[in-house]
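Have a look at the structure below before the remarks.
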Amino acid sequence: MCGSPMSTSDVNNKKLTLHPEEWDRIATSRQFRDLLAVKRRFIVPAFVFFLLYYFVLPVLLGYAPKLMGARVFSTVTVGYLFALSQFLVGWLIAGLYLRASAKFDRLTRDILDEVQLRQGGR
């Protein structure tokens, strides 16, 4: 590859040019694997929870129509409230991800800072 740069990344508001070999080194590093594990511990359970929560609505509509059609007040039913709650749960998961992403970003910056030090602090 003649040592030509593959891409750049921002580190502390400075452009950091990384060669393909450096990306390979990052991908195999312990810090990067730890970052992926931390992200996976949040993303997989959140995804599974929301997917199950999402599919409970049609399942309950099919198997428990009386429950879902029960009026809570006026013309508002359990089914409507459950459907609306999916928006709230979606926003809640997004908010939790936003909070968790601060940790992901910190770990990413640590990795890129180390790369920058290895490249001579450019």
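By convention here, the chains of the structure tokens are called A, B, ... in the order presented, each chain's residues are numbered starting at 1, and ligands are numbered starting at 1 in the order presented.
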
Contacts between region 15-25 of chain A and region 30-106 of chain A, please, where a residue of region 30-106 of chain A counts if it comes within 12 Å (with only C-alpha atoms); show its shortest atom pair and distance in Å to one decimal, rows by chain and ascending number, as a Markdown table.
```
| residue | atom | partner | partner_atom | distance |
| --- | --- | --- | --- | --- |
| A:Arg30 | CA | A:Arg25 | CA | 9.9 |
| A:Gln31 | CA | A:Arg25 | CA | 10.7 |
| A:Phe32 | CA | A:Arg25 | CA | 9.6 |
| A:Arg33 | CA | A:Arg25 | CA | 11.4 |
```

Restricting the output to N, CA and C atoms, write the selected residues as an mmCIF file, in the first residue's frame.
```cif
data_model
loop_
_atom_site.group_PDB
_atom_site.id
_atom_site.type_symbol
_atom_site.label_atom_id
_atom_site.label_comp_id
_atom_site.auth_asym_id
_atom_site.auth_seq_id
_atom_site.Cartn_x
_atom_site.Cartn_y
_atom_site.Cartn_z
ATOM 1 N N ARG A 30 -6.749 -4.313 22.562
ATOM 2 C CA ARG A 30 -7.599 -4.639 23.720
ATOM 3 C C ARG A 30 -8.601 -3.520 23.992
ATOM 4 N N GLN A 31 -8.147 -2.264 23.871
ATOM 5 C CA GLN A 31 -9.037 -1.125 24.124
ATOM 6 C C GLN A 31 -10.227 -1.131 23.167
ATOM 7 N N PHE A 32 -9.976 -1.430 21.902
ATOM 8 C CA PHE A 32 -11.055 -1.433 20.917
ATOM 9 C C PHE A 32 -12.031 -2.567 21.191
ATOM 10 N N ARG A 33 -11.503 -3.733 21.530
ATOM 11 C CA ARG A 33 -12.385 -4.856 21.865
ATOM 12 C C ARG A 33 -13.223 -4.535 23.091
#
```

Residues near region 110-112 of chain A, anyone? I mean within 8 Å using only C-alpha atoms, not counting same-chain ones fewer than 2 positions away, as a PDB file with C-alpha atoms, in the first residue's frame.
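Wrote around_16.pdb, looks like this:
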```pdb
ATOM      1  CA  VAL A  11      -8.926  13.870  17.687  1.00  0.00           C
ATOM      2  CA  ILE A  26      -6.646  -0.445  16.391  1.00  0.00           C
ATOM      3  CA  GLN A  31      -9.037  -1.125  24.124  1.00  0.00           C
ATOM      4  CA  PHE A  32     -11.055  -1.433  20.917  1.00  0.00           C
ATOM      5  CA  ARG A 106     -14.640   8.810  25.914  1.00  0.00           C
ATOM      6  CA  LEU A 107     -13.342   5.316  25.174  1.00  0.00           C
ATOM      7  CA  THR A 108     -13.026   6.173  21.475  1.00  0.00           C
ATOM      8  CA  GLU A 114      -3.080   6.619  22.093  1.00  0.00           C
ATOM      9  CA  VAL A 115      -2.775   6.325  18.312  1.00  0.00           C
ATOM     10  CA  GLN A 116      -1.800   9.975  18.124  1.00  0.00           C
TER      11      GLN A 116
END
```

Using DSSP on the backbone, list every residue of chain A that comes out as strand (DSSP E or B), and give them as a list in words.
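Checking each residue of chain A, the strand (DSSP E or B) ones are Ser7, Thr8, Ser9, Asp10, Val11, Lys14, Lys15, Leu16, Thr17, Leu18, Arg71, Val72, Phe73, Val76 and Thr77 of chain A.
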
Those residues with N, CA and C atoms, as a PDB file, in the first residue's frame please?
```
ATOM      1  N   SER A   7      -7.563   7.211   5.627  1.00  0.00           N
ATOM      2  CA  SER A   7      -8.627   8.116   6.065  1.00  0.00           C
ATOM      3  C   SER A   7      -8.120   8.985   7.196  1.00  0.00           C
ATOM      4  N   THR A   8      -8.959   9.942   7.552  1.00  0.00           N
ATOM      5  CA  THR A   8      -8.608  10.824   8.657  1.00  0.00           C
ATOM      6  C   THR A   8      -9.680  10.729   9.721  1.00  0.00           C
ATOM      7  N   SER A   9      -9.308  11.116  10.925  1.00  0.00           N
ATOM      8  CA  SER A   9     -10.233  11.099  12.050  1.00  0.00           C
ATOM      9  C   SER A   9      -9.938  12.324  12.902  1.00  0.00           C
ATOM     10  N   ASP A  10     -10.973  12.894  13.508  1.00  0.00           N
ATOM     11  CA  ASP A  10     -10.787  14.045  14.385  1.00  0.00           C
ATOM     12  C   ASP A  10     -10.419  13.584  15.784  1.00  0.00           C
ATOM     13  N   VAL A  11      -9.333  14.112  16.306  1.00  0.00           N
ATOM     14  CA  VAL A  11      -8.926  13.870  17.687  1.00  0.00           C
ATOM     15  C   VAL A  11      -8.644  15.232  18.287  1.00  0.00           C
ATOM     16  N   LYS A  14      -8.318  18.074  15.942  1.00  0.00           N
ATOM     17  CA  LYS A  14      -7.208  18.032  14.998  1.00  0.00           C
ATOM     18  C   LYS A  14      -7.414  16.830  14.100  1.00  0.00           C
ATOM     19  N   LYS A  15      -7.038  16.972  12.836  1.00  0.00           N
ATOM     20  CA  LYS A  15      -7.145  15.843  11.920  1.00  0.00           C
ATOM     21  C   LYS A  15      -6.003  14.875  12.168  1.00  0.00           C
ATOM     22  N   LEU A  16      -6.342  13.602  12.262  1.00  0.00           N
ATOM     23  CA  LEU A  16      -5.363  12.543  12.468  1.00  0.00           C
ATOM     24  C   LEU A  16      -5.448  11.629  11.262  1.00  0.00           C
ATOM     25  N   THR A  17      -4.366  11.553  10.497  1.00  0.00           N
ATOM     26  CA  THR A  17      -4.346  10.705   9.315  1.00  0.00           C
ATOM     27  C   THR A  17      -3.888   9.317   9.720  1.00  0.00           C
ATOM     28  N   LEU A  18      -4.703   8.330   9.377  1.00  0.00           N
ATOM     29  CA  LEU A  18      -4.401   6.954   9.758  1.00  0.00           C
ATOM     30  C   LEU A  18      -4.186   6.098   8.522  1.00  0.00           C
ATOM     31  N   ARG A  71     -61.864  -0.262  27.720  1.00  0.00           N
ATOM     32  CA  ARG A  71     -61.761   1.201  27.840  1.00  0.00           C
ATOM     33  C   ARG A  71     -61.134   1.579  29.177  1.00  0.00           C
ATOM     34  N   VAL A  72     -60.204   2.504  29.093  1.00  0.00           N
ATOM     35  CA  VAL A  72     -59.554   3.024  30.285  1.00  0.00           C
ATOM     36  C   VAL A  72     -60.314   4.252  30.752  1.00  0.00           C
ATOM     37  N   PHE A  73     -60.595   5.146  29.817  1.00  0.00           N
ATOM     38  CA  PHE A  73     -61.475   6.290  30.056  1.00  0.00           C
ATOM     39  C   PHE A  73     -61.992   6.764  28.713  1.00  0.00           C
ATOM     40  N   VAL A  76     -60.721   5.889  25.056  1.00  0.00           N
ATOM     41  CA  VAL A  76     -59.312   5.457  25.056  1.00  0.00           C
ATOM     42  C   VAL A  76     -59.229   4.038  25.610  1.00  0.00           C
ATOM     43  N   THR A  77     -58.617   3.154  24.821  1.00  0.00           N
ATOM     44  CA  THR A  77     -58.521   1.748  25.220  1.00  0.00           C
ATOM     45  C   THR A  77     -57.101   1.395  25.666  1.00  0.00           C
TER      46      THR A  77
END
```

Can you measure CA of Val56 (chain A) to CA of Gly69 (chain A) for me? One decimal in Å is fine.
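Atom-to-atom, CA of Val56 (chain A) to CA of Gly69 (chain A), that is 14.8 Å.
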
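What separates CA of Arg99 (chain A) from CA of Ile43 (chain A) is a distance of 12.5 Å.
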